[in-house]
$ cat my_file_9.txt   # compact mmCIF, C-alpha atoms
# COMPACT_ATOMS: atom_id res chain seq x y z
CA ALA A 1 7.52 21.66 -21.99
CA GLN A 2 5.45 23.04 -19.19
CA SER A 3 6.32 22.60 -15.56
CA VAL A 4 5.26 23.86 -12.16
CA THR A 5 7.40 24.41 -9.08
CA GLN A 6 5.85 24.88 -5.66
CA LEU A 7 8.35 26.29 -3.20
CA GLY A 8 7.99 24.68 0.19
CA SER A 9 6.39 21.29 0.63
CA HIS A 10 5.07 22.32 4.03
CA VAL A 11 3.96 25.74 5.30
CA SER A 12 2.87 26.40 8.88
CA VAL A 13 0.99 29.52 10.01
CA SER A 14 -0.94 30.64 13.06
CA GLU A 15 -4.66 31.23 12.91
CA GLY A 16 -5.25 34.79 11.71
CA ALA A 17 -1.87 35.08 10.01
CA LEU A 18 -1.21 35.70 6.32
CA VAL A 19 -1.09 32.64 4.10
CA LEU A 20 1.38 32.70 1.21
CA LEU A 21 1.88 29.62 -0.97
CA ARG A 22 4.38 30.02 -3.79
CA CYS A 23 4.09 28.74 -7.35
CA ASN A 24 6.35 29.34 -10.32
CA TYR A 25 5.71 27.97 -13.76
CA SER A 26 7.53 27.34 -16.97
CA SER A 27 5.64 27.62 -20.24
CA SER A 28 6.59 28.54 -23.79
CA VAL A 29 3.22 30.16 -24.44
CA PRO A 30 0.84 32.17 -22.26
CA PRO A 31 -0.33 29.70 -19.65
CA TYR A 32 -3.58 29.00 -17.95
CA LEU A 33 -2.96 28.69 -14.21
CA PHE A 34 -4.96 27.00 -11.47
CA TRP A 35 -4.91 26.41 -7.74
CA TYR A 36 -6.62 23.34 -6.31
CA VAL A 37 -7.17 22.31 -2.68
CA GLN A 38 -7.34 18.77 -1.33
CA TYR A 39 -8.76 18.00 2.09
CA PRO A 40 -7.81 14.67 3.73
CA ASN A 41 -9.19 11.61 1.95
CA GLN A 42 -10.93 13.70 -0.68
CA GLY A 43 -10.48 14.64 -4.32
CA LEU A 44 -9.27 18.03 -5.53
CA GLN A 45 -11.45 21.14 -5.62
CA LEU A 46 -10.81 24.17 -7.78
CA LEU A 47 -9.92 27.26 -5.74
CA LEU A 48 -9.33 29.72 -8.56
CA LYS A 49 -7.97 30.04 -12.06
CA TYR A 50 -6.29 32.56 -14.34
CA THR A 51 -6.95 32.39 -18.05
CA THR A 52 -6.85 35.92 -19.50
CA GLY A 53 -7.68 39.44 -18.38
CA ALA A 54 -7.26 40.71 -14.84
CA THR A 55 -4.09 39.35 -13.28
CA LEU A 56 -5.45 39.35 -9.72
CA VAL A 57 -7.87 36.47 -9.40
CA LYS A 58 -10.22 35.90 -6.49
CA GLY A 59 -11.36 32.44 -5.53
CA ILE A 60 -13.41 30.66 -2.95
CA ASN A 61 -12.86 30.80 0.82
CA GLY A 62 -11.13 34.19 0.68
CA PHE A 63 -8.14 33.06 -1.38
CA GLU A 64 -6.66 35.06 -4.22
CA ALA A 65 -3.68 34.77 -6.57
CA GLU A 66 -1.83 37.17 -8.82
CA PHE A 67 -0.39 36.25 -12.20
CA LYS A 68 2.99 37.94 -12.66
CA LYS A 69 4.32 37.24 -16.12
CA SER A 70 7.68 38.93 -15.49
CA GLU A 71 8.28 36.65 -12.50
CA THR A 72 6.55 33.59 -14.00
CA SER A 73 4.68 33.29 -10.73
CA PHE A 74 1.15 32.62 -9.51
CA HIS A 75 1.37 32.78 -5.72
CA LEU A 76 -1.70 32.02 -3.60
CA THR A 77 -2.56 34.27 -0.65
CA LYS A 78 -5.18 34.68 2.05
CA PRO A 79 -5.07 37.60 4.51
CA SER A 80 -6.15 35.65 7.58
CA ALA A 81 -5.82 31.89 8.00
CA HIS A 82 -8.56 29.77 9.51
CA MET A 83 -8.17 26.33 11.03
CA SER A 84 -10.38 25.00 8.25
CA ASP A 85 -7.76 26.06 5.65
CA ALA A 86 -5.47 23.22 6.70
CA ALA A 87 -5.14 21.07 3.58
CA GLU A 88 -2.86 20.31 0.66
CA TYR A 89 -2.70 22.88 -2.12
CA PHE A 90 -1.71 22.22 -5.71
CA CYS A 91 -0.72 24.69 -8.39
CA ALA A 92 -1.31 23.57 -11.99
CA VAL A 93 -0.56 24.89 -15.46
CA SER A 94 -2.12 24.18 -18.81
CA GLN A 95 -2.28 25.48 -22.33
CA ALA A 96 -4.71 24.81 -25.15
CA GLY A 97 -4.79 21.16 -26.10
CA THR A 98 -2.91 19.77 -23.11
CA ALA A 99 -3.94 18.29 -19.81
CA LEU A 100 -3.19 19.99 -16.50
CA ILE A 101 0.34 19.64 -15.18
CA PHE A 102 0.43 19.75 -11.38
CA GLY A 103 3.07 20.84 -8.93
CA LYS A 104 4.12 18.52 -6.11
CA GLY A 105 1.86 20.21 -3.62
CA THR A 106 2.20 22.26 -0.43
CA THR A 107 0.71 21.11 2.86
CA LEU A 108 -0.68 24.00 4.88
CA SER A 109 -0.88 23.59 8.65
CA VAL A 110 -2.76 26.12 10.78
CA SER A 111 -2.19 26.30 14.52
CA SER A 112 -4.36 27.99 17.12
CA ILE B 1 -25.80 14.74 -7.59
CA ALA B 2 -23.74 15.33 -10.72
CA GLY B 3 -20.14 14.32 -10.51
CA ILE B 4 -17.62 11.50 -10.84
CA THR B 5 -17.94 8.09 -9.25
CA GLN B 6 -14.84 5.96 -8.75
CA ALA B 7 -14.85 2.33 -7.66
CA PRO B 8 -13.56 0.69 -5.61
CA THR B 9 -12.63 3.24 -2.94
CA SER B 10 -9.75 1.06 -1.84
CA GLN B 11 -8.22 -2.28 -2.79
CA ILE B 12 -5.38 -4.54 -1.75
CA LEU B 13 -4.11 -6.46 -4.75
CA ALA B 14 -1.60 -9.27 -5.11
CA ALA B 15 1.29 -8.57 -7.46
CA GLY B 16 0.73 -10.02 -10.91
CA ARG B 17 -3.05 -9.74 -10.75
CA ARG B 18 -5.14 -7.79 -13.23
CA MET B 19 -7.27 -4.93 -11.92
CA THR B 20 -9.66 -2.43 -13.45
CA LEU B 21 -10.43 0.84 -11.71
CA ARG B 22 -13.81 2.21 -12.69
CA CYS B 23 -14.71 5.83 -13.37
CA THR B 24 -18.13 7.14 -14.39
CA GLN B 25 -19.29 10.72 -14.85
CA ASP B 26 -22.80 12.04 -15.38
CA MET B 27 -21.97 15.59 -16.49
CA ARG B 28 -21.63 14.80 -20.21
CA HIS B 29 -18.06 16.06 -20.11
CA ASN B 30 -16.09 15.32 -23.25
CA ALA B 31 -12.65 14.93 -21.67
CA MET B 32 -11.56 12.51 -18.96
CA TYR B 33 -8.25 11.89 -17.22
CA TRP B 34 -6.49 9.47 -14.91
CA TYR B 35 -3.88 10.74 -12.45
CA ARG B 36 -1.90 8.96 -9.78
CA GLN B 37 -0.95 10.74 -6.56
CA ASP B 38 2.18 9.79 -4.67
CA LEU B 39 3.65 11.45 -1.60
CA GLY B 40 6.11 14.14 -2.59
CA LEU B 41 5.38 13.76 -6.29
CA GLY B 42 1.99 15.44 -6.61
CA LEU B 43 -0.38 14.26 -9.32
CA ARG B 44 0.99 12.73 -12.49
CA LEU B 45 -1.08 12.13 -15.61
CA ILE B 46 -1.38 8.50 -16.68
CA HIS B 47 -3.79 8.61 -19.63
CA TYR B 48 -6.37 10.98 -20.98
CA SER B 49 -9.25 11.08 -23.45
CA ASN B 50 -10.41 14.28 -25.14
CA THR B 51 -13.56 12.64 -26.52
CA ALA B 52 -15.25 9.26 -26.69
CA GLY B 53 -13.32 6.87 -28.93
CA THR B 54 -9.93 8.56 -28.46
CA THR B 55 -7.24 8.18 -25.82
CA GLY B 56 -3.73 9.46 -25.26
CA LYS B 57 -0.71 8.79 -23.07
CA GLY B 58 0.31 11.03 -20.24
CA GLU B 59 3.51 11.33 -18.24
CA VAL B 60 3.48 7.83 -16.66
CA PRO B 61 1.50 5.43 -18.92
CA ASP B 62 3.61 2.28 -18.62
CA GLY B 63 1.74 -0.65 -17.10
CA TYR B 64 -1.66 0.97 -17.58
CA SER B 65 -4.28 0.93 -20.33
CA VAL B 66 -7.56 2.78 -20.83
CA SER B 67 -10.57 2.69 -23.10
CA ARG B 68 -13.31 5.22 -23.85
CA ALA B 69 -16.20 3.37 -25.44
CA ASN B 70 -18.71 6.06 -24.46
CA THR B 71 -18.83 9.55 -22.95
CA ASP B 72 -19.55 8.50 -19.38
CA ASP B 73 -17.04 5.74 -18.63
CA PHE B 74 -13.24 5.74 -18.55
CA PRO B 75 -11.85 2.56 -16.93
CA LEU B 76 -8.16 2.20 -16.07
CA THR B 77 -6.67 -1.30 -16.26
CA LEU B 78 -3.50 -2.62 -14.67
CA ALA B 79 -2.69 -5.73 -16.71
CA SER B 80 -0.23 -7.20 -14.21
CA ALA B 81 0.09 -5.16 -11.03
CA VAL B 82 3.49 -4.39 -9.48
CA PRO B 83 4.24 -2.87 -6.05
CA SER B 84 5.35 0.43 -7.64
CA GLN B 85 1.76 0.91 -8.75
CA THR B 86 0.72 1.33 -5.13
CA SER B 87 -0.83 4.80 -5.17
CA VAL B 88 -4.01 6.83 -4.96
CA TYR B 89 -5.68 7.08 -8.35
CA PHE B 90 -7.89 10.00 -9.29
CA CYS B 91 -10.21 10.22 -12.24
CA ALA B 92 -11.14 13.69 -13.49
CA SER B 93 -13.22 15.20 -16.25
CA SER B 94 -13.64 18.53 -18.03
CA LEU B 95 -16.17 19.88 -20.49
CA GLU B 96 -13.63 20.30 -23.27
CA GLY B 97 -10.18 18.75 -23.16
CA THR B 98 -8.78 21.10 -25.75
CA ASP B 99 -9.88 24.22 -23.90
CA PRO B 100 -8.39 24.61 -20.42
CA LEU B 101 -10.77 27.46 -19.62
CA TYR B 102 -12.92 24.79 -18.07
CA GLY B 103 -11.74 23.42 -14.75
CA TYR B 104 -11.55 19.78 -13.88
CA THR B 105 -13.98 17.85 -11.68
CA PHE B 106 -12.26 15.15 -9.62
CA GLY B 107 -13.52 11.90 -8.19
CA SER B 108 -12.82 10.91 -4.59
CA GLY B 109 -10.02 8.54 -5.57
CA THR B 110 -9.14 4.85 -5.35
CA ARG B 111 -6.44 3.84 -2.88
CA LEU B 112 -4.62 0.84 -4.34
CA THR B 113 -2.04 -1.23 -2.50
CA VAL B 114 -0.10 -3.87 -4.45
CA VAL B 115 1.57 -6.49 -2.26

$ encode --input "my_file_9.txt" --output "structure tokens"
Amino acid sequence: AQSVTQLGSHVSVSEGALVLLRCNYSSSVPPYLFWYVQYPNQGLQLLLKYTTGATLVKGINGFEAEFKKSETSFHLTKPSAHMSDAAEYFCAVSQAGTALIFGKGTTLSVSS
Amino acid sequence: IAGITQAPTSQILAAGRRMTLRCTQDMRHNAMYWYRQDLGLGLRLIHYSNTAGTTGKGEVPDGYSVSRANTDDFPLTLASAVPSQTSVYFCASSLEGTDPLYGYTFGSGTRLTVV
């Protein structure tokens, strides 16, 4: 069975600092991996996804993630945080024929 | 604007009452999903449908039912609401349910409180 673990339910950074949100997955077959963002009182928006090919994936708003098979990880990073990045972030895993399985989420706070 | 419409946006419901949450998409997506979001638990799949006329159970299906009579609509019904069903419910869709290459489009959610 697939599963997703997001380390840290809450991450706080200063504006301009590096953002690192951690995600580890468990899957018996090569996974498809996703990061979604949720702003307050809104639905989820796709930030980026890894399916096949290049393991470093670039998404919207300056975010990127790297698929590391040996570490079963798909951590999300951004070099310089903005106040507007404050939101909840969800990592998700899928494989052919199954619906997305989400992690429990990480709330990112950005202080000035 | 193409997307997913959920109704109502919020509802307070007496325990034991029946309630249907509505979800409509205009993107001609084949697959649709219902998730519930609870603090500290993330999103959990309730039911899904890979194509019109078919449905399947997710991680937490008990107490919920769905139907998929056509491509656009995927209503979620609580036959007899209980307080543990207090949650935010999200409907989502994707072009092909069997191919995760396609991302999901999410609705804005329905906040349901069962008292």

$ residues_around --input "my_file_9.txt" --residues "A:Asn61" --least-positions-apart "2" --cutoff "12 Å" --atoms "all atoms listed in the file" --output "list of chain:residue names"
A:Val37, A:Gln45, A:Leu46, A:Leu47, A:Leu48, A:Lys58, A:Gly59, A:Phe63, A:Glu64, A:Thr77, A:Lys78, A:Pro79, A:Ser80, A:Ala81, A:His82, A:Ser84, A:Asp85

$ residues_around --input "my_file_9.txt" --residues "A:Tyr39" --least-positions-apart "5" --cutoff "9 Å" --atoms "only C-alpha atoms" --output "PyMOL selection string"
chain A and resi 44-45+85-89

$ closest_atom_pairs --input "my_file_9.txt" --of "stretch 2-113 of chain B" --to "stretch 100-103 of chain A" --cutoff "9 Å" --atoms "all atoms listed in the file" --output "JSON lines"
{"residue": "B:Leu41", "atom": "CA", "partner": "A:Gly103", "partner_atom": "CA", "distance": 7.9}
{"residue": "B:Gly42", "atom": "CA", "partner": "A:Gly103", "partner_atom": "CA", "distance": 6.0}
{"residue": "B:Leu43", "atom": "CA", "partner": "A:Phe102", "partner_atom": "CA", "distance": 5.9}
{"residue": "B:Arg44", "atom": "CA", "partner": "A:Phe102", "partner_atom": "CA", "distance": 7.1}
{"residue": "B:Leu45", "atom": "CA", "partner": "A:Ile101", "partner_atom": "CA", "distance": 7.7}
{"residue": "B:Pro100", "atom": "CA", "partner": "A:Leu100", "partner_atom": "CA", "distance": 8.0}
{"residue": "B:Tyr104", "atom": "CA", "partner": "A:Leu100", "partner_atom": "CA", "distance": 8.8}

$ write_last_selection --input "my_file_9.txt" --atoms "C-alpha atoms" --output "PDB file, in the coordinates of the input"
ATOM      1  CA  LEU B  41       5.380  13.760  -6.290  1.00  0.00           C
ATOM      2  CA  GLY B  42       1.990  15.440  -6.610  1.00  0.00           C
ATOM      3  CA  LEU B  43      -0.380  14.260  -9.320  1.00  0.00           C
ATOM      4  CA  ARG B  44       0.990  12.730 -12.490  1.00  0.00           C
ATOM      5  CA  LEU B  45      -1.080  12.130 -15.610  1.00  0.00           C
ATOM      6  CA  PRO B 100      -8.390  24.610 -20.420  1.00  0.00           C
ATOM      7  CA  TYR B 104     -11.550  19.780 -13.880  1.00  0.00           C
TER       8      TYR B 104
END

$ interface_residues --input "my_file_9.txt" --of "chain A" --to "chain B" --cutoff "9 Å" --atoms "all atoms listed in the file" --output "MDAnalysis selection string"
chainID A and resid 9 32 34 41:46 49:51 90 94:105

$ write_last_selection --input "my_file_9.txt" --atoms "C-alpha atoms" --output "PDB file, in the frame of the given file"
ATOM      1  CA  SER A   9       6.390  21.290   0.630  1.00  0.00           C
ATOM      2  CA  TYR A  32      -3.580  29.000 -17.950  1.00  0.00           C
ATOM      3  CA  PHE A  34      -4.960  27.000 -11.470  1.00  0.00           C
ATOM      4  CA  ASN A  41      -9.190  11.610   1.950  1.00  0.00           C
ATOM      5  CA  GLN A  42     -10.930  13.700  -0.680  1.00  0.00           C
ATOM      6  CA  GLY A  43     -10.480  14.640  -4.320  1.00  0.00           C
ATOM      7  CA  LEU A  44      -9.270  18.030  -5.530  1.00  0.00           C
ATOM      8  CA  GLN A  45     -11.450  21.140  -5.620  1.00  0.00           C
ATOM      9  CA  LEU A  46     -10.810  24.170  -7.780  1.00  0.00           C
ATOM     10  CA  LYS A  49      -7.970  30.040 -12.060  1.00  0.00           C
ATOM     11  CA  TYR A  50      -6.290  32.560 -14.340  1.00  0.00           C
ATOM     12  CA  THR A  51      -6.950  32.390 -18.050  1.00  0.00           C
ATOM     13  CA  PHE A  90      -1.710  22.220  -5.710  1.00  0.00           C
ATOM     14  CA  SER A  94      -2.120  24.180 -18.810  1.00  0.00           C
ATOM     15  CA  GLN A  95      -2.280  25.480 -22.330  1.00  0.00           C
ATOM     16  CA  ALA A  96      -4.710  24.810 -25.150  1.00  0.00           C
ATOM     17  CA  GLY A  97      -4.790  21.160 -26.100  1.00  0.00           C
ATOM     18  CA  THR A  98      -2.910  19.770 -23.110  1.00  0.00           C
ATOM     19  CA  ALA A  99      -3.940  18.290 -19.810  1.00  0.00           C
ATOM     20  CA  LEU A 100      -3.190  19.990 -16.500  1.00  0.00           C
ATOM     21  CA  ILE A 101       0.340  19.640 -15.180  1.00  0.00           C
ATOM     22  CA  PHE A 102       0.430  19.750 -11.380  1.00  0.00           C
ATOM     23  CA  GLY A 103       3.070  20.840  -8.930  1.00  0.00           C
ATOM     24  CA  LYS A 104       4.120  18.520  -6.110  1.00  0.00           C
ATOM     25  CA  GLY A 105       1.860  20.210  -3.620  1.00  0.00           C
TER      26      GLY A 105
END

$ residues_around --input "my_file_9.txt" --residues "B:Ala7" --least-positions-apart "4" --cutoff "8 Å" --atoms "all atoms listed in the file" --output "ChimeraX atom specification"
/B:21-23,110

$ residues_around --input "my_file_9.txt" --residues "B:Ser80" --least-positions-apart "6" --cutoff "9 Å" --atoms "only C-alpha atoms" --output "PyMOL selection string"
chain B and resi 15-19+63-64

$ atom_distance --input "my_file_9.txt" --atom1 "atom CA of B:Ala2" --atom2 "atom CA of B:Asp26"
5.8 Å

$ residues_around --input "my_file_9.txt" --residues "A:Glu66" --least-positions-apart "2" --cutoff "6 Å" --atoms "only C-alpha atoms" --output "list in words"
Thr55, Leu56 and Phe74 of chain A

$ atom_distance --input "my_file_9.txt" --atom1 "atom CA of B:Asn70" --atom2 "atom CA of B:Thr55"
11.7 Å
